[in-house]
>>> print(open('data-v8.csv').read())   # CSV, C-alpha atoms
chain,number,residue,atom,x,y,z
A,9,MET,CA,149.8,-77.8,-21.4
A,10,TYR,CA,149.3,-74.3,-22.9
A,11,ARG,CA,146.1,-72.8,-21.5
A,12,GLY,CA,145.7,-75.7,-19.1
A,13,ASN,CA,143.2,-78.0,-20.9
A,14,PRO,CA,142.2,-79.0,-24.5
A,15,GLN,CA,139.5,-76.3,-24.5
A,16,LEU,CA,142.2,-73.7,-23.9
A,17,THR,CA,140.1,-71.9,-21.3
A,18,GLY,CA,143.1,-70.6,-19.3
A,19,VAL,CA,141.7,-71.6,-16.0
A,20,ALA,CA,144.1,-72.9,-13.3
A,21,GLU,CA,143.2,-75.6,-10.8
A,22,SER,CA,145.3,-73.9,-8.2
A,23,THR,CA,144.1,-70.8,-6.4
A,24,LEU,CA,147.1,-68.5,-5.5
A,25,THR,CA,146.5,-65.7,-3.0
A,26,PRO,CA,149.0,-62.8,-3.3
A,27,PRO,CA,151.3,-61.4,-2.3
A,28,LEU,CA,153.5,-64.0,-4.0
A,29,THR,CA,157.2,-64.2,-3.2
A,30,GLN,CA,160.1,-65.6,-5.2
A,31,ARG,CA,160.9,-69.2,-4.6
A,32,TRP,CA,163.6,-69.1,-7.3
A,33,ARG,CA,164.9,-67.2,-10.3
A,34,VAL,CA,167.1,-69.0,-12.8
A,35,SER,CA,168.7,-68.1,-16.1
A,36,PRO,CA,169.6,-71.6,-17.4
A,37,ALA,CA,171.1,-70.4,-20.7
A,38,GLN,CA,174.1,-69.0,-18.6
A,39,GLY,CA,174.6,-65.6,-20.1
A,40,GLU,CA,173.4,-66.3,-23.7
A,41,THR,CA,171.0,-63.7,-25.1
A,42,VAL,CA,167.8,-65.7,-25.2
A,43,ALA,CA,164.1,-65.1,-24.5
A,44,PHE,CA,161.5,-67.3,-23.0
A,45,VAL,CA,158.3,-66.6,-25.0
A,46,ALA,CA,156.8,-70.1,-24.7
A,47,THR,CA,154.7,-70.8,-21.6
A,48,ALA,CA,156.0,-73.3,-19.1
A,49,ALA,CA,154.3,-76.6,-18.3
A,50,ILE,CA,154.2,-77.8,-14.7
A,51,VAL,CA,153.8,-81.5,-14.1
A,52,ASP,CA,154.5,-83.2,-10.8
A,53,ASP,CA,157.9,-81.9,-9.6
A,54,ARG,CA,159.1,-80.6,-13.0
A,55,VAL,CA,158.9,-77.4,-15.1
A,56,TYR,CA,159.2,-77.9,-18.9
A,57,ILE,CA,160.1,-74.9,-21.1
A,58,GLY,CA,162.2,-74.0,-24.1
A,59,HIS,CA,163.7,-70.7,-25.3
A,60,ASP,CA,164.1,-68.9,-28.6
A,61,PHE,CA,167.6,-70.1,-29.2
A,62,GLY,CA,166.7,-73.7,-29.3
A,63,THR,CA,167.3,-75.4,-25.9
A,64,PHE,CA,164.5,-77.1,-24.1
A,65,TYR,CA,164.7,-77.7,-20.3
A,66,ALA,CA,163.3,-79.8,-17.6
A,67,LEU,CA,163.8,-77.9,-14.3
A,68,ASP,CA,163.3,-79.1,-10.7
A,69,LEU,CA,160.2,-77.3,-9.3
A,70,SER,CA,161.8,-77.0,-5.9
A,71,ASP,CA,164.8,-75.0,-6.8
A,72,GLY,CA,164.9,-74.4,-10.6
A,73,SER,CA,168.0,-76.6,-11.1
A,74,VAL,CA,168.3,-78.2,-14.6
A,75,VAL,CA,167.3,-81.9,-14.5
A,76,TRP,CA,168.0,-82.3,-18.2
A,77,GLN,CA,168.2,-80.2,-21.3
A,78,PHE,CA,167.7,-81.0,-25.0
A,79,ASP,CA,169.9,-79.2,-27.6
A,80,GLU,CA,169.2,-81.1,-30.8
A,81,THR,CA,167.2,-78.4,-32.5
A,82,ASP,CA,170.1,-76.7,-34.4
A,83,GLU,CA,169.3,-73.6,-32.4
A,84,ALA,CA,165.8,-73.3,-33.9
A,85,ALA,CA,163.5,-71.0,-31.8
A,86,ILE,CA,161.2,-72.8,-29.4
A,87,ASN,CA,158.1,-70.6,-29.2
A,88,SER,CA,155.7,-73.5,-29.0
A,89,SER,CA,154.6,-74.3,-25.4
A,90,ALA,CA,155.0,-77.9,-24.3
A,91,LEU,CA,152.4,-80.5,-23.9
A,92,VAL,CA,153.2,-83.2,-21.3
A,93,HIS,CA,151.2,-86.4,-21.4
A,94,ASP,CA,151.7,-90.0,-20.4
A,95,GLY,CA,155.4,-89.6,-19.6
A,96,LYS,CA,156.2,-87.7,-22.9
A,97,VAL,CA,156.9,-84.1,-23.7
A,98,TYR,CA,155.8,-82.6,-27.1
A,99,PHE,CA,156.8,-79.2,-28.6
A,100,GLY,CA,157.6,-77.7,-32.0
A,101,ASP,CA,160.4,-75.4,-33.2
A,102,GLY,CA,161.2,-72.7,-35.7
A,103,TYR,CA,162.5,-75.2,-38.3
A,104,GLY,CA,159.1,-77.0,-38.4
A,105,VAL,CA,160.0,-80.0,-36.3
A,106,MET,CA,157.6,-81.5,-33.7
A,107,TYR,CA,159.5,-83.3,-31.0
A,108,CYS,CA,158.5,-86.0,-28.6
A,109,LEU,CA,160.9,-86.5,-25.7
A,110,ALA,CA,160.8,-88.8,-22.6
A,111,ALA,CA,159.7,-86.6,-19.7
A,112,ASP,CA,162.0,-88.3,-17.2
A,113,SER,CA,165.3,-88.1,-19.3
A,114,GLY,CA,164.9,-85.8,-22.3
A,115,LYS,CA,165.6,-88.7,-24.6
A,116,LEU,CA,164.3,-88.2,-28.2
A,117,LEU,CA,161.5,-90.7,-28.9
A,118,TRP,CA,160.5,-89.3,-32.3
A,119,LYS,CA,160.3,-86.2,-34.4
A,120,PHE,CA,158.1,-85.1,-37.3
A,121,ASP,CA,159.2,-82.5,-39.9
A,122,SER,CA,156.4,-80.2,-41.1
A,123,LYS,CA,159.0,-78.2,-43.0
A,124,ASN,CA,157.4,-74.9,-41.8
A,125,GLU,CA,157.8,-73.0,-38.6
A,126,ILE,CA,155.8,-74.2,-35.6
A,127,VAL,CA,154.6,-71.6,-33.2
A,128,SER,CA,151.4,-73.4,-32.4
A,129,SER,CA,151.5,-75.4,-29.1
A,130,PRO,CA,150.4,-79.0,-29.4
A,131,ASN,CA,147.1,-80.2,-28.1
A,132,LEU,CA,145.8,-83.8,-27.6
A,133,THR,CA,142.5,-85.3,-28.9
A,134,PRO,CA,140.6,-87.9,-26.9
A,135,ASP,CA,141.8,-90.5,-29.5
A,136,GLY,CA,145.4,-89.8,-28.7
A,137,LEU,CA,146.4,-87.5,-31.6
A,138,ILE,CA,148.8,-84.7,-31.2
A,139,VAL,CA,147.3,-81.7,-33.1
A,140,PHE,CA,149.1,-78.5,-34.1
A,141,GLY,CA,149.4,-75.9,-36.8
A,142,SER,CA,152.3,-74.6,-38.9
A,143,THR,CA,153.2,-71.4,-40.8
A,144,GLY,CA,152.9,-73.5,-43.9
A,145,GLY,CA,149.1,-73.3,-43.4
A,146,SER,CA,148.5,-76.9,-42.4
A,147,ILE,CA,147.0,-78.4,-39.3
A,148,TYR,CA,148.6,-81.8,-38.5
A,149,ALA,CA,147.3,-84.7,-36.4
A,150,LEU,CA,150.0,-87.3,-35.4
A,151,LYS,CA,149.8,-90.5,-33.3
A,152,ALA,CA,151.1,-89.5,-29.9
A,153,ASP,CA,153.1,-92.7,-29.5
A,154,SER,CA,154.9,-92.8,-32.9
A,155,GLY,CA,154.6,-89.5,-34.6
A,156,GLU,CA,152.9,-91.1,-37.6
A,157,LYS,CA,150.7,-88.6,-39.5
A,158,VAL,CA,147.0,-89.5,-39.4
A,159,TRP,CA,145.6,-86.4,-41.2
A,160,GLU,CA,146.5,-83.0,-42.5
A,161,TYR,CA,144.1,-80.1,-43.0
A,162,ARG,CA,145.1,-77.2,-45.3
A,163,THR,CA,144.2,-73.6,-44.8
A,164,GLU,CA,145.1,-70.7,-47.1
A,165,ASP,CA,147.7,-68.9,-45.0
A,166,GLN,CA,149.9,-69.3,-41.9
A,167,VAL,CA,148.6,-70.9,-38.7
A,168,GLN,CA,150.3,-69.7,-35.5
A,169,GLY,CA,147.6,-70.2,-32.9
A,170,THR,CA,147.0,-73.3,-30.8
A,171,VAL,CA,144.2,-75.7,-31.8
A,172,GLY,CA,141.3,-75.9,-29.4
A,173,ILE,CA,139.6,-79.3,-29.0
A,174,ALA,CA,136.0,-79.9,-27.8
A,175,ASP,CA,133.1,-82.3,-28.6
A,176,GLY,CA,134.9,-84.1,-31.4
A,177,VAL,CA,136.1,-81.0,-33.3
A,178,CYS,CA,139.3,-79.0,-33.6
A,179,LEU,CA,138.9,-75.2,-33.7
A,180,ILE,CA,141.7,-73.0,-35.1
A,181,GLY,CA,141.9,-69.4,-36.4
A,182,GLY,CA,144.6,-68.5,-38.9
A,183,CYS,CA,146.0,-65.7,-41.0
A,184,ASP,CA,143.5,-66.6,-43.7
A,185,GLY,CA,140.8,-64.7,-41.8
A,186,ARG,CA,138.7,-67.7,-40.9
A,187,LEU,CA,137.8,-69.9,-37.9
A,188,HIS,CA,138.1,-73.5,-39.1
A,189,VAL,CA,136.0,-76.2,-37.5
A,190,ILE,CA,137.6,-79.6,-38.2
A,191,ASP,CA,136.6,-83.2,-37.4
A,192,ALA,CA,139.1,-84.3,-34.8
A,193,LYS,CA,139.1,-87.9,-36.0
A,194,THR,CA,139.3,-87.5,-39.8
A,195,GLY,CA,140.6,-84.0,-40.4
A,196,GLU,CA,137.7,-83.2,-42.6
A,197,GLY,CA,136.5,-79.6,-42.5
A,198,ARG,CA,133.0,-79.0,-41.1
A,199,ARG,CA,132.8,-75.3,-41.7
A,200,LYS,CA,134.8,-72.0,-42.1
A,201,ILE,CA,133.6,-69.0,-40.2
A,202,PRO,CA,134.8,-65.6,-41.4
A,203,ILE,CA,136.6,-63.5,-38.8
A,204,ASP,CA,137.6,-60.5,-41.0
A,205,GLY,CA,141.1,-60.4,-39.7
A,206,GLN,CA,144.2,-62.4,-39.1
A,207,THR,CA,144.9,-64.0,-35.7
A,208,GLY,CA,147.8,-65.6,-33.9
A,209,GLY,CA,145.9,-66.4,-30.7
A,210,ALA,CA,144.3,-69.6,-29.5
A,211,VAL,CA,140.5,-70.2,-29.4
A,212,ALA,CA,139.0,-70.5,-25.9
A,213,ILE,CA,136.0,-72.8,-25.9
A,214,SER,CA,133.0,-73.1,-23.5
A,215,GLY,CA,130.3,-75.5,-24.7
A,216,THR,CA,129.5,-74.4,-28.3
A,217,SER,CA,130.8,-70.9,-27.7
A,218,ALA,CA,134.3,-69.9,-28.8
A,219,PHE,CA,136.3,-66.7,-28.2
A,220,LEU,CA,139.1,-65.3,-30.2
A,221,GLY,CA,141.0,-62.0,-30.6
A,222,THR,CA,142.3,-60.7,-34.0
A,223,PHE,CA,144.8,-58.4,-35.5
A,224,GLY,CA,141.7,-56.6,-36.9
A,225,ASN,CA,141.4,-55.0,-33.4
A,226,GLU,CA,138.4,-57.2,-32.4
A,227,VAL,CA,137.5,-59.9,-30.0
A,228,LEU,CA,134.8,-62.2,-31.4
A,229,GLY,CA,132.3,-64.6,-29.8
A,230,PHE,CA,131.2,-67.5,-31.9
A,231,ASP,CA,128.8,-70.4,-31.8
A,232,TRP,CA,131.0,-72.9,-33.6
A,233,ALA,CA,128.2,-75.4,-33.9
A,234,ASP,CA,126.0,-73.3,-36.1
A,235,GLY,CA,128.9,-71.2,-37.6
A,236,LYS,CA,127.5,-67.8,-36.5
A,237,VAL,CA,129.4,-64.9,-35.0
A,238,ARG,CA,127.4,-63.9,-31.9
A,239,TRP,CA,129.1,-60.6,-31.2
A,240,ARG,CA,132.1,-58.4,-31.9
A,241,TYR,CA,133.9,-56.4,-29.3
A,242,ARG,CA,135.9,-53.3,-30.4
A,243,ASP,CA,137.1,-50.2,-28.6
A,244,GLU,CA,136.4,-47.5,-31.1
A,245,GLU,CA,138.6,-45.0,-29.2
A,246,ARG,CA,141.7,-47.2,-28.9
A,247,GLU,CA,141.8,-49.6,-31.8
A,248,PHE,CA,144.7,-52.0,-31.3
A,249,PRO,CA,145.3,-55.7,-32.2
A,250,PHE,CA,144.7,-58.6,-29.9
A,251,PHE,CA,147.6,-61.1,-29.9
A,252,SER,CA,146.8,-62.5,-26.5
A,253,SER,CA,144.7,-65.7,-26.2
A,254,ALA,CA,141.5,-65.3,-24.2
A,255,SER,CA,140.5,-67.1,-21.0
A,256,ILE,CA,136.9,-67.8,-20.1
A,257,ALA,CA,135.1,-68.6,-16.8
A,258,ASP,CA,131.8,-67.8,-15.2
A,259,GLY,CA,130.4,-65.9,-18.1
A,260,THR,CA,133.4,-63.6,-18.6
A,261,VAL,CA,136.1,-63.5,-21.3
A,262,TYR,CA,139.5,-62.0,-20.3
A,263,ILE,CA,142.0,-61.0,-22.9
A,264,GLY,CA,145.1,-58.8,-23.2
A,265,GLY,CA,145.5,-56.1,-25.9
A,266,ARG,CA,148.2,-54.2,-27.5
A,267,ASP,CA,146.4,-51.1,-26.2
A,268,LYS,CA,148.1,-51.9,-22.9
A,269,ARG,CA,144.9,-53.1,-21.3
A,270,LEU,CA,143.4,-56.3,-20.0
A,271,HIS,CA,139.7,-56.5,-21.1
A,272,ALA,CA,136.9,-58.3,-19.3
A,273,ILE,CA,134.0,-59.0,-21.7
A,274,ASN,CA,130.5,-60.4,-21.1
A,275,ALA,CA,130.7,-63.8,-22.8
A,276,ALA,CA,127.0,-63.8,-23.7
A,277,THR,CA,126.6,-60.2,-25.1
A,278,GLY,CA,130.1,-59.0,-25.9
A,279,GLU,CA,129.6,-55.9,-23.7
A,280,ARG,CA,132.6,-54.6,-21.7
A,281,ARG,CA,132.6,-55.3,-18.0
A,282,TRP,CA,135.9,-53.5,-17.2
A,283,VAL,CA,139.4,-52.7,-18.5
A,284,PHE,CA,142.6,-52.8,-16.5
A,285,GLN,CA,145.4,-50.4,-17.6
A,286,ALA,CA,149.0,-51.6,-17.7
A,287,ARG,CA,152.0,-49.5,-18.8
A,288,ALA,CA,152.8,-51.4,-22.1
A,289,LYS,CA,151.2,-53.9,-24.4
A,290,ILE,CA,149.8,-57.2,-23.1
A,291,ASP,CA,150.6,-60.1,-25.4
A,292,SER,CA,150.7,-62.5,-22.5
A,293,SER,CA,147.6,-64.6,-22.2
A,294,PRO,CA,145.7,-64.2,-18.9
A,295,VAL,CA,145.3,-67.1,-16.5
A,296,ILE,CA,142.3,-67.3,-14.1
A,297,SER,CA,143.1,-68.5,-10.5
A,298,GLY,CA,140.1,-68.3,-8.1
A,299,PRO,CA,138.9,-64.7,-7.8
A,300,LEU,CA,141.9,-63.3,-9.6
A,301,VAL,CA,143.3,-63.2,-13.2
A,302,TYR,CA,147.1,-63.2,-13.6
A,303,VAL,CA,148.8,-61.7,-16.7
A,304,GLY,CA,152.2,-60.4,-17.8
A,305,SER,CA,153.0,-57.2,-19.7
A,306,HIS,CA,155.8,-55.8,-21.8
A,307,ASP,CA,156.1,-53.2,-19.0
A,308,GLY,CA,158.1,-55.8,-17.0
A,309,ARG,CA,155.4,-56.6,-14.5
A,310,LEU,CA,153.2,-59.6,-13.6
A,311,TYR,CA,149.8,-58.5,-12.4
A,312,ALA,CA,147.0,-60.0,-10.3
A,313,VAL,CA,143.7,-58.3,-11.1
A,314,ASN,CA,140.4,-58.8,-9.3
A,315,ARG,CA,138.0,-60.6,-11.7
A,316,GLU,CA,134.9,-58.7,-10.5
A,317,SER,CA,136.2,-55.2,-10.3
A,318,GLY,CA,139.2,-55.0,-12.6
A,319,ALA,CA,141.2,-53.5,-9.7
A,320,ARG,CA,144.9,-54.4,-9.4
A,321,THR,CA,145.4,-56.6,-6.4
A,322,TRP,CA,149.2,-57.1,-6.6
A,323,TYR,CA,152.1,-56.9,-9.0
A,324,PHE,CA,155.6,-58.3,-9.3
A,325,GLU,CA,158.4,-56.5,-11.1
A,326,VAL,CA,160.7,-58.5,-13.3
A,327,GLY,CA,162.2,-55.6,-15.2
A,328,SER,CA,161.9,-57.3,-18.6
A,329,PRO,CA,159.0,-57.8,-21.1
A,330,ILE,CA,156.7,-60.8,-20.4
A,331,SER,CA,155.2,-62.3,-23.5
A,332,ALA,CA,154.7,-65.8,-22.1
A,333,SER,CA,151.5,-66.7,-20.2
A,334,PRO,CA,151.9,-67.5,-16.5
A,335,ALA,CA,151.7,-71.2,-15.6
A,336,ILE,CA,149.9,-72.0,-12.3
A,337,ALA,CA,149.9,-75.4,-10.8
A,338,ARG,CA,151.0,-77.2,-7.6
A,339,GLY,CA,150.6,-74.0,-5.6
A,340,VAL,CA,153.1,-72.0,-7.6
A,341,LEU,CA,153.3,-69.6,-10.6
A,342,VAL,CA,156.0,-70.0,-13.2
A,343,VAL,CA,156.7,-67.5,-15.9
A,344,GLY,CA,159.6,-66.8,-18.3
A,345,THR,CA,160.8,-63.4,-19.5
A,346,GLU,CA,162.4,-61.9,-22.6
A,347,ASP,CA,165.7,-61.4,-20.8
A,348,GLY,CA,166.2,-65.2,-20.4
A,349,ALA,CA,165.0,-65.6,-16.8
A,350,ILE,CA,162.4,-68.0,-15.4
A,351,TYR,CA,160.7,-67.1,-12.1
A,352,CYS,CA,158.9,-69.4,-9.7
A,353,LEU,CA,156.6,-67.5,-7.3
A,354,GLU,CA,154.6,-68.8,-4.3
A,355,PRO,CA,152.3,-67.4,-1.7
A,356,GLY,CA,154.2,-65.5,1.0
A,357,LYS,CA,154.9,-67.3,4.2
A,358,THR,CA,153.1,-65.8,7.2
>>> encode(input="data-v8.csv", output="structure tokens")
Amino acid sequence: MYRGNPQLTGVAESTLTPPLTQRWRVSPAQGETVAFVATAAIVDDRVYIGHDFGTFYALDLSDGSVVWQFDETDEAAINSSALVHDGKVYFGDGYGVMYCLAADSGKLLWKFDSKNEIVSSPNLTPDGLIVFGSTGGSIYALKADSGEKVWEYRTEDQVQGTVGIADGVCLIGGCDGRLHVIDAKTGEGRRKIPIDGQTGGAVAISGTSAFLGTFGNEVLGFDWADGKVRWRYRDEEREFPFFSSASIADGTVYIGGRDKRLHAINAATGERRWVFQARAKIDSSPVISGPLVYVGSHDGRLYAVNRESGARTWYFEVGSPISASPAIARGVLVVGTEDGAIYCLEPGKT
């Protein structure tokens, strides 16, 4: 799933040591002008991903060949990253439909029409509810097996980010300038925490701490349990929005900015630890893999950066903007690009 777990921490279970080499590169849309903005899901021997012209694919992890494809979206953009669970694949589209497909065949099992665009990637509660937001301002919870709506929570503006889940609550920031804390079973609101800016990113959760970047040029650290903002991180010299979703591990928050930099921030204090400079904006959400953090940039490069020093360890040139987050699992990295290609990279053979 997007960000790797329900807490959306962006931490991979696999540790990849660069240099990485290309196992395969495919352009499954066969010459159509498409972009892969959604992040891939890697499960067993399959890669699941959709593009912005409405086709969703299951690819063979070994060679990138198409196992099946789903075209029943009326060419609605798929910017929602897939959740794969219990033999089913879930994703939303630009017309507001949440789909559930059979992971082995791509057969449509059910769909739910929210009637507003879904950019938010689906998440899964411990009670088996698929939770996601829509640009209509609602958060929905559906039964995973049937698509039946269990609850709907209303905000005052669009919701584009992915819902984080931890300790019986759902956490989501929206364009209404608030972080919403919602009961995961009932959909009842517990509190609203002002964030003084719109956001399209996901909330990364560690215990009762939560971390979120905003279009107000800030990264915020919250205690969602007591509703307090613990710190605000802002670069007074280079004020740019944060569209990237944060990752969190070992007391450090990593997040990309439209200032062309990857920021490492002390999770307890909000103080900067280091910044890494790319050549263009970083909307891609960083993924932690062992001692490194991997992130894409609109400069057409995928970077591996040392988590302690912020020094570049390695990069891979794709020649096209990367908005998607890298997906790391089963010893490989998979990422889509805005020129319609999907890359699978693996540690170089020695």
>>> atom_distance(input="data-v8.csv", atom1="atom CA of Gln168 of chain A", atom2="atom CA of Ala257 of chain A")
24.1 Å
>>> residues_around(input="data-v8.csv", residues="Ala319 of chain A", least_positions_apart="5", cutoff="8 Å", atoms="only C-alpha atoms", output="PDB file with C-alpha atoms, in the coordinates of the input")
ATOM      1  CA  PHE A 284     142.600 -52.800 -16.500  1.00  0.00           C
ATOM      2  CA  VAL A 313     143.700 -58.300 -11.100  1.00  0.00           C
ATOM      3  CA  ASN A 314     140.400 -58.800  -9.300  1.00  0.00           C
TER       4      ASN A 314
END
>>> closest_residue(input="data-v8.csv", among="A:Thr207, A:Thr277, A:Ser113, A:Gln285", to="Pro249 of chain A", atoms="only C-alpha atoms")
A:Thr207
>>> residues_around(input="data-v8.csv", residues="Ser293 of chain A", least_positions_apart="6", cutoff="7 Å", atoms="only C-alpha atoms", output="VMD selection string")
chain A and resid 252 to 254 263 to 264 303 333
>>> residues_around(input="data-v8.csv", residues="Glu196 of chain A", least_positions_apart="5", cutoff="8 Å", atoms="all atoms listed in the file", output="NGL selection string")
:A and (161 or 190-191)
>>> closest_residue(input="data-v8.csv", among="A:Gly18, A:Pro130, A:Gly259, A:Pro355", to="Leu341 of chain A", atoms="only C-alpha atoms")
A:Pro355
>>> residues_around(input="data-v8.csv", residues="Arg240 of chain A", least_positions_apart="6", cutoff="8 Å", atoms="all atoms listed in the file", output="PyMOL selection string")
chain A and resi 226-229+278
>>> residues_around(input="data-v8.csv", residues="Ala275 of chain A", least_positions_apart="6", cutoff="10 Å", atoms="only C-alpha atoms", output="compact mmCIF listing (two decimals) with C-alpha atoms, keeping the file's coordinate frame")
# COMPACT_ATOMS: atom_id res chain seq x y z
CA SER A 214 133.00 -73.10 -23.50
CA SER A 217 130.80 -70.90 -27.70
CA ALA A 218 134.30 -69.90 -28.80
CA PHE A 219 136.30 -66.70 -28.20
CA LEU A 228 134.80 -62.20 -31.40
CA GLY A 229 132.30 -64.60 -29.80
CA PHE A 230 131.20 -67.50 -31.90
CA ARG A 238 127.40 -63.90 -31.90
CA TRP A 239 129.10 -60.60 -31.20
CA ILE A 256 136.90 -67.80 -20.10
CA ALA A 257 135.10 -68.60 -16.80
CA ASP A 258 131.80 -67.80 -15.20
CA GLY A 259 130.40 -65.90 -18.10
CA THR A 260 133.40 -63.60 -18.60
CA VAL A 261 136.10 -63.50 -21.30
CA TYR A 262 139.50 -62.00 -20.30
CA ARG A 281 132.60 -55.30 -18.00
>>> closest_atom_pairs(input="data-v8.csv", of="segment 40-108 of chain A", to="segment 19-30 of chain A", cutoff="12 Å", atoms="all atoms listed in the file", output="JSON lines")
{"residue": "A:Ala49", "atom": "CA", "partner": "A:Ala20", "partner_atom": "CA", "distance": 11.9}
{"residue": "A:Ile50", "atom": "CA", "partner": "A:Ala20", "partner_atom": "CA", "distance": 11.3}
{"residue": "A:Ser70", "atom": "CA", "partner": "A:Gln30", "partner_atom": "CA", "distance": 11.5}
{"residue": "A:Asp71", "atom": "CA", "partner": "A:Gln30", "partner_atom": "CA", "distance": 10.6}
{"residue": "A:Gly72", "atom": "CA", "partner": "A:Gln30", "partner_atom": "CA", "distance": 11.4}
>>> write_last_selection(input="data-v8.csv", atoms="C-alpha atoms", output="PDB file, in the frame of the given file")
ATOM      1  CA  ALA A  49     154.300 -76.600 -18.300  1.00  0.00           C
ATOM      2  CA  ILE A  50     154.200 -77.800 -14.700  1.00  0.00           C
ATOM      3  CA  SER A  70     161.800 -77.000  -5.900  1.00  0.00           C
ATOM      4  CA  ASP A  71     164.800 -75.000  -6.800  1.00  0.00           C
ATOM      5  CA  GLY A  72     164.900 -74.400 -10.600  1.00  0.00           C
TER       6      GLY A  72
END
